[in-house]
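*Asks:* Just so it is clear, I am handing over work21.txt, which has compact mmCIF, C-alpha atoms and all ligand atoms.
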# COMPACT_ATOMS: atom_id res chain seq x y z
CA MET O 1 0.00 0.00 0.00
CA SER O 2 1.44 3.36 -0.88
CA PHE O 3 0.13 5.91 1.56
CA GLU O 4 1.57 9.38 1.48
CA TRP O 5 2.35 11.33 4.67
CA ASN O 6 1.74 14.65 2.93
CA ALA O 7 1.09 18.19 4.22
CA HIS O 8 -2.61 17.45 4.79
CA ARG O 9 -1.74 14.67 7.27
CA PHE O 10 0.08 17.32 9.29
CA SER O 11 -2.87 19.72 9.55
CA GLY O 12 -2.70 19.42 13.35
CA GLY O 13 -0.08 22.17 13.29
CA VAL O 14 2.03 20.74 16.14
CA LEU O 15 3.60 17.32 16.55
CA ALA O 16 1.41 16.26 19.48
CA LEU O 17 -1.82 16.81 17.53
CA ASP O 18 -0.42 15.33 14.31
CA LEU O 19 0.36 12.19 16.27
CA ALA O 20 -3.19 12.08 17.69
CA ASN O 21 -4.42 12.50 14.10
CA THR O 22 -2.84 9.25 12.94
CA VAL O 23 -6.32 7.95 13.79
CA ILE O 24 -9.03 9.27 11.45
CA PHE O 25 -12.76 9.69 12.26
CA ARG O 26 -12.20 9.05 15.96
CA GLU O 27 -15.76 9.95 16.85
CA ASP O 28 -17.33 7.47 14.43
CA ARG O 29 -16.66 3.89 15.39
CA LYS O 30 -17.59 2.51 11.97
CA ARG O 31 -15.28 4.77 10.00
CA CYS O 32 -12.45 5.02 12.56
CA LEU O 33 -9.10 4.14 11.01
CA ASP O 34 -5.71 3.81 12.72
CA ARG O 35 -2.79 4.45 10.36
CA PHE O 36 -0.44 2.78 12.85
CA ALA O 37 -2.33 -0.51 12.58
CA ASP O 38 0.48 -1.18 10.12
CA PRO O 39 3.66 -0.66 12.23
CA ALA O 40 5.63 0.12 9.04
CA GLU O 41 3.80 3.48 9.01
CA VAL O 42 5.38 4.58 12.32
CA PRO O 43 8.90 5.29 10.95
CA ARG O 44 7.38 6.79 7.80
CA PHE O 45 5.35 9.18 9.97
CA ALA O 46 8.46 10.04 12.04
CA GLU O 47 10.44 10.90 8.93
CA ALA O 48 7.70 13.07 7.42
CA ALA O 49 7.05 14.77 10.80
CA ALA O 50 10.67 15.96 10.95
CA ILE O 51 10.05 17.77 7.65
CA PHE O 52 6.54 19.12 8.23
CA ARG O 53 7.18 20.11 11.87
CA ASN O 54 10.32 22.03 11.02
CA GLY O 55 8.54 25.26 12.04
CA GLU O 56 7.99 23.88 15.54
CA TRP O 57 11.30 22.05 16.10
CA GLY O 58 13.86 23.40 13.63
CA ARG O 59 16.25 20.70 12.46
CA VAL O 60 15.27 17.51 14.21
CA ARG O 61 15.36 13.73 13.98
CA PHE O 62 12.47 11.85 15.52
CA HIS O 63 13.34 8.25 16.31
CA ALA O 64 10.52 5.81 15.71
CA PRO O 65 10.30 2.91 18.14
CA LYS O 66 11.25 -0.47 16.72
CA SER O 67 10.18 -2.97 19.35
CA GLN O 68 6.58 -3.92 20.04
CA ASP O 69 6.87 -2.45 23.54
CA GLY O 70 8.25 0.77 22.09
CA ILE O 71 5.34 1.05 19.65
CA LYS O 72 2.89 0.37 22.46
CA ALA O 73 4.48 3.15 24.55
CA LEU O 74 4.16 5.56 21.60
CA ILE O 75 0.50 4.62 21.13
CA ASP O 76 -0.06 5.22 24.87
CA VAL O 77 1.32 8.75 24.43
CA ARG O 78 -0.85 9.25 21.37
CA GLU O 79 -4.03 8.12 23.09
CA VAL O 80 -3.56 10.16 26.25
CA VAL O 81 -2.71 13.27 24.21
CA ASN O 82 -5.89 12.69 22.23
CA ARG O 83 -8.04 12.22 25.36
CA LEU O 84 -6.64 15.26 27.15
CA PHE O 85 -6.85 17.72 24.26
CA ARG O 86 -10.07 16.43 22.69
CA ASP O 87 -11.77 17.00 26.02
CA ALA O 88 -10.00 20.36 26.43
CA ALA O 89 -11.14 21.48 22.95
CA GLY O 90 -14.76 20.58 23.65
CA HIS O 91 -15.03 21.88 27.22
CA ALA O 92 -12.23 24.43 27.74
CA ARG O 93 -10.83 22.51 30.70
CA ILE O 94 -8.01 20.20 31.70
CA ARG O 95 -9.40 17.12 33.41
CA ALA O 96 -7.38 16.06 36.44
CA ASP O 97 -7.53 12.32 35.67
CA TYR O 98 -6.45 12.75 32.03
CA PHE O 99 -3.75 15.22 33.07
CA SER O 100 -2.35 12.88 35.68
CA GLU O 101 -2.29 10.00 33.19
CA PHE O 102 -0.64 12.26 30.61
CA LEU O 103 2.14 13.26 33.04
CA HIS O 104 2.65 9.67 34.13
CA ILE O 105 2.97 8.30 30.56
CA GLY O 106 5.07 11.32 29.54
CA SER O 107 7.41 10.79 32.48
CA ASN O 108 7.96 7.20 31.36
CA VAL O 109 8.86 8.10 27.76
CA VAL O 110 11.12 10.94 28.87
CA GLY O 111 12.82 8.55 31.31
CA GLU O 112 13.75 6.31 28.37
CA GLU O 113 15.68 9.10 26.60
CA TRP O 114 19.43 9.32 26.41
CA SER O 115 20.29 11.26 29.56
CA GLU O 116 22.47 13.87 27.84
CA GLU O 117 19.89 14.81 25.24
CA SER O 118 18.38 18.22 25.92
CA LEU O 119 14.68 17.74 26.51
CA GLY O 120 13.49 21.33 26.47
CA LEU O 121 10.20 22.27 24.88
CA PRO O 122 10.19 22.54 21.09
CA SER O 123 12.07 25.60 19.86
CA LEU O 124 14.03 26.67 16.82
CA SER O 125 17.67 26.21 17.73
CA ASP O 126 20.70 25.92 15.45
CA ARG O 127 21.55 22.52 16.83
CA ILE O 128 20.00 19.38 15.37
CA ARG O 129 17.84 17.75 17.98
CA ASP O 130 17.66 14.02 18.24
CA LEU O 131 14.89 12.47 20.28
CA SER O 132 12.29 9.74 20.33
CA LEU O 133 8.95 10.41 18.70
CA GLY O 134 7.10 9.70 21.95
CA ALA O 135 9.17 12.11 24.06
CA ALA O 136 8.96 14.77 21.33
CA ALA O 137 5.17 14.44 21.15
CA PHE O 138 4.94 14.75 24.95
CA LEU O 139 7.09 17.92 24.92
CA SER O 140 5.01 19.32 22.07
CA ALA O 141 1.85 18.60 24.10
CA LEU O 142 3.26 20.25 27.26
CA ARG O 143 3.58 23.48 25.33
CA LEU O 144 -0.13 23.35 24.45
CA LEU O 145 -1.10 23.59 28.12
CA ASP O 146 -0.46 27.33 28.06
CA PRO O 147 -4.03 28.76 28.22
CA ALA O 148 -3.36 31.05 25.24
CA ARG O 149 -2.53 27.96 23.20
CA LEU O 150 -5.08 25.65 24.72
CA GLU O 151 -7.95 27.86 23.58
CA ARG O 152 -6.76 27.51 19.99
CA ILE O 153 -7.18 23.75 19.88
CA LYS O 154 -10.22 22.68 17.85
CA ILE O 155 -11.84 19.55 16.47
CA CYS O 156 -12.48 19.28 12.72
CA PRO O 157 -16.21 18.53 12.24
CA ASN O 158 -15.49 16.48 9.12
CA CYS O 159 -12.60 14.14 10.00
CA HIS O 160 -12.51 14.70 13.81
CA TRP O 161 -8.83 15.62 13.78
CA LEU O 162 -7.48 17.96 16.43
CA TYR O 163 -5.82 21.09 15.10
CA PHE O 164 -4.13 24.19 16.40
CA ASP O 165 -5.84 27.28 14.99
CA GLU O 166 -3.17 29.91 14.44
CA SER O 167 -5.43 32.30 12.53
CA ARG O 168 -5.48 35.82 13.95
CA ASN O 169 -9.12 35.78 15.08
CA ARG O 170 -9.33 32.03 15.67
CA SER O 171 -11.76 31.63 12.78
CA ARG O 172 -10.51 28.40 11.21
CA ARG O 173 -13.36 25.92 10.94
CA TRP O 174 -11.62 22.93 9.40
CA CYS O 175 -8.36 21.06 9.88
CA ASP O 176 -7.69 21.80 6.20
CA MET O 177 -9.96 24.05 4.13
CA ASN O 178 -8.79 22.39 0.90
CA VAL O 179 -9.81 18.93 2.03
CA CYS O 180 -12.45 18.94 4.79
CA GLY O 181 -13.75 22.46 4.02
CA ASN O 182 -14.31 21.57 0.37
CA ARG O 183 -15.91 18.25 1.20
CA ALA O 184 -18.42 19.97 3.45
CA LYS O 185 -19.11 22.57 0.76
CA ALA O 186 -19.67 19.83 -1.84
CA ARG O 187 -21.98 18.01 0.55
CA ARG O 188 -24.08 21.15 1.18
CA HIS O 189 -24.28 21.69 -2.58
CA TYR O 190 -25.38 18.09 -3.11
CA VAL O 191 -28.07 18.30 -0.43
CA ARG O 192 -29.35 21.55 -1.96
CA SER O 193 -29.46 19.96 -5.42
CA LEU O 194 -31.49 17.07 -4.00
CA GLY O 195 -33.91 19.59 -2.54
CA HIS O 196 -34.33 21.26 -5.93
CA ALA O 197 -34.78 17.92 -7.68
CA GLY O 198 -37.50 17.08 -5.17
CA ASN O 199 -39.28 20.35 -5.88
CA ASP O 200 -39.11 19.78 -9.63
CA HIS O 201 -40.55 16.36 -9.20
CA ALA O 202 -43.42 17.72 -7.17
ZN ZN T 301 -10.66 17.59 8.84
Would you kindly transcribe this structure into structure tokens?
*Replies:*
Amino acid sequence: MSFEWNAHRFSGGVLALDLANTVIFREDRKRCLDRFADPAEVPRFAEAAAIFRNGEWGRVRFHAPKSQDGIKALIDVREVVNRLFRDAAGHARIRADYFSEFLHIGSNVVGEEWSEESLGLPSLSDRIRDLSLGAAAFLSALRLLDPARLERIKICPNCHWLYFDESRNRSRRWCDMNVCGNRAKARRHYVRSLGHAGNDHA
């Protein structure tokens, strides 16, 4: 299967949300799809993320886990990031139980890092950073806890992705106007055309 990790797949705007968005249609059990069901997609995502998240991290290498345990730990990070911020986006709050779980899982992945690696929050430095995908996603998520950032996290009504709305007046309605925005527009058009057809028939 040739699946492309293109710019659209990185509509989340920050690594933490892009990682959460490796599951599509989260709020619809029938359509829900996990891109990491095929473990070969994990290193492909890590490689593409280093390119598309250059604006968040500067020059960086994200190491994808290789072992089954490593992949499970990454998925744990992904799922707790999703729970915490999906709830935050819907209710403008940080739930204590999700937050505690997030810190616990994050502490574990950070504890697995090479001890001399600098684990500061994402920033544009001249030095190439080298860290695991799970630790990087946790650090990216920590930065979102700032209330000014937290209030910019939204849920796309079409694909259910989480995204960081950087628009000046926080007016973005879709993860990606060119994909989900257009699909919604086409659907409205289709529904309208059905309405007209019905009228003609009558
Ligand atoms: Zn979307």
*Asks:* Tell me which of O:Arg129, O:Lys72, O:Arg86, O:Lys185 sits closest to Tyr163 of chain O, counting all atoms listed in the file.
*Replies:*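 Checking each of O:Arg129, O:Lys72, O:Arg86, O:Lys185 against Tyr163 of chain O, counting all atoms listed in the file, the winner is O:Arg86.
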*Asks:* Calculated over all atoms listed in the file, which of the candidates O:Asn82, O:Asn182, O:Asn158, O:Ser132 has the smallest distance to ligand ZN 301 (chain T)?
*Replies:*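 Closest candidate: O:Asn158.
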*Asks:* Using only C-alpha atoms and all ligand atoms for the distances, tell me which of O:Leu33, O:Leu139, O:Ala186, O:Met177 is nearest to ligand ZN 301 (chain T).
*Replies:*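 Residue with the minimum atom-to-atom distance to ligand ZN 301 (chain T): O:Met177.
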*Asks:* List as JSON lines every residue of chain O that is in contact with ligand ZN 301 (chain T), defined as an atom at most 10 Å from one of its atoms (using only C-alpha atoms and all ligand atoms), together with the nearest atom pair and the distance in Å rounded to one decimal, sorted by chain and then rising number.
*Replies:*
{"residue": "O:His8", "atom": "CA", "partner": "T:ZN301", "partner_atom": "ZN", "distance": 9.0}
{"residue": "O:Arg9", "atom": "CA", "partner": "T:ZN301", "partner_atom": "ZN", "distance": 9.5}
{"residue": "O:Ser11", "atom": "CA", "partner": "T:ZN301", "partner_atom": "ZN", "distance": 8.1}
{"residue": "O:Gly12", "atom": "CA", "partner": "T:ZN301", "partner_atom": "ZN", "distance": 9.3}
{"residue": "O:Asn21", "atom": "CA", "partner": "T:ZN301", "partner_atom": "ZN", "distance": 9.6}
{"residue": "O:Ile24", "atom": "CA", "partner": "T:ZN301", "partner_atom": "ZN", "distance": 8.9}
{"residue": "O:Phe25", "atom": "CA", "partner": "T:ZN301", "partner_atom": "ZN", "distance": 8.9}
{"residue": "O:Ile155", "atom": "CA", "partner": "T:ZN301", "partner_atom": "ZN", "distance": 8.0}
{"residue": "O:Cys156", "atom": "CA", "partner": "T:ZN301", "partner_atom": "ZN", "distance": 4.6}
{"residue": "O:Pro157", "atom": "CA", "partner": "T:ZN301", "partner_atom": "ZN", "distance": 6.6}
{"residue": "O:Asn158", "atom": "CA", "partner": "T:ZN301", "partner_atom": "ZN", "distance": 5.0}
{"residue": "O:Cys159", "atom": "CA", "partner": "T:ZN301", "partner_atom": "ZN", "distance": 4.1}
{"residue": "O:His160", "atom": "CA", "partner": "T:ZN301", "partner_atom": "ZN", "distance": 6.0}
{"residue": "O:Trp161", "atom": "CA", "partner": "T:ZN301", "partner_atom": "ZN", "distance": 5.6}
{"residue": "O:Leu162", "atom": "CA", "partner": "T:ZN301", "partner_atom": "ZN", "distance": 8.2}
{"residue": "O:Tyr163", "atom": "CA", "partner": "T:ZN301", "partner_atom": "ZN", "distance": 8.7}
{"residue": "O:Arg173", "atom": "CA", "partner": "T:ZN301", "partner_atom": "ZN", "distance": 9.0}
{"residue": "O:Trp174", "atom": "CA", "partner": "T:ZN301", "partner_atom": "ZN", "distance": 5.5}
{"residue": "O:Cys175", "atom": "CA", "partner": "T:ZN301", "partner_atom": "ZN", "distance": 4.3}
{"residue": "O:Asp176", "atom": "CA", "partner": "T:ZN301", "partner_atom": "ZN", "distance": 5.8}
{"residue": "O:Met177", "atom": "CA", "partner": "T:ZN301", "partner_atom": "ZN", "distance": 8.0}
{"residue": "O:Asn178", "atom": "CA", "partner": "T:ZN301", "partner_atom": "ZN", "distance": 9.5}
{"residue": "O:Val179", "atom": "CA", "partner": "T:ZN301", "partner_atom": "ZN", "distance": 7.0}
{"residue": "O:Cys180", "atom": "CA", "partner": "T:ZN301", "partner_atom": "ZN", "distance": 4.6}
{"residue": "O:Gly181", "atom": "CA", "partner": "T:ZN301", "partner_atom": "ZN", "distance": 7.5}
{"residue": "O:Arg183", "atom": "CA", "partner": "T:ZN301", "partner_atom": "ZN", "distance": 9.3}
{"residue": "O:Ala184", "atom": "CA", "partner": "T:ZN301", "partner_atom": "ZN", "distance": 9.7}
*Asks:* Build an axis-aligned box that encloses every atom of segment 158-175 of chain O listed in the file, pad it by 5 Å on each side, and report its centre and edge lengths in Å to one decimal, as lines of an AutoDock Vina configuration file.
*Replies:*
center_x = -9.3
center_y = 25.0
center_z = 12.8
size_x = 22.3
size_y = 31.7
size_z = 17.3
*Asks:* Under the rule that only C-alpha atoms are counted, which of O:Ala89, O:Ala37, O:Val110, O:Leu119 is the nearest residue to Leu17 of chain O?
*Replies:*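 The shortest atom-to-atom distance to Leu17 of chain O comes from O:Ala89.
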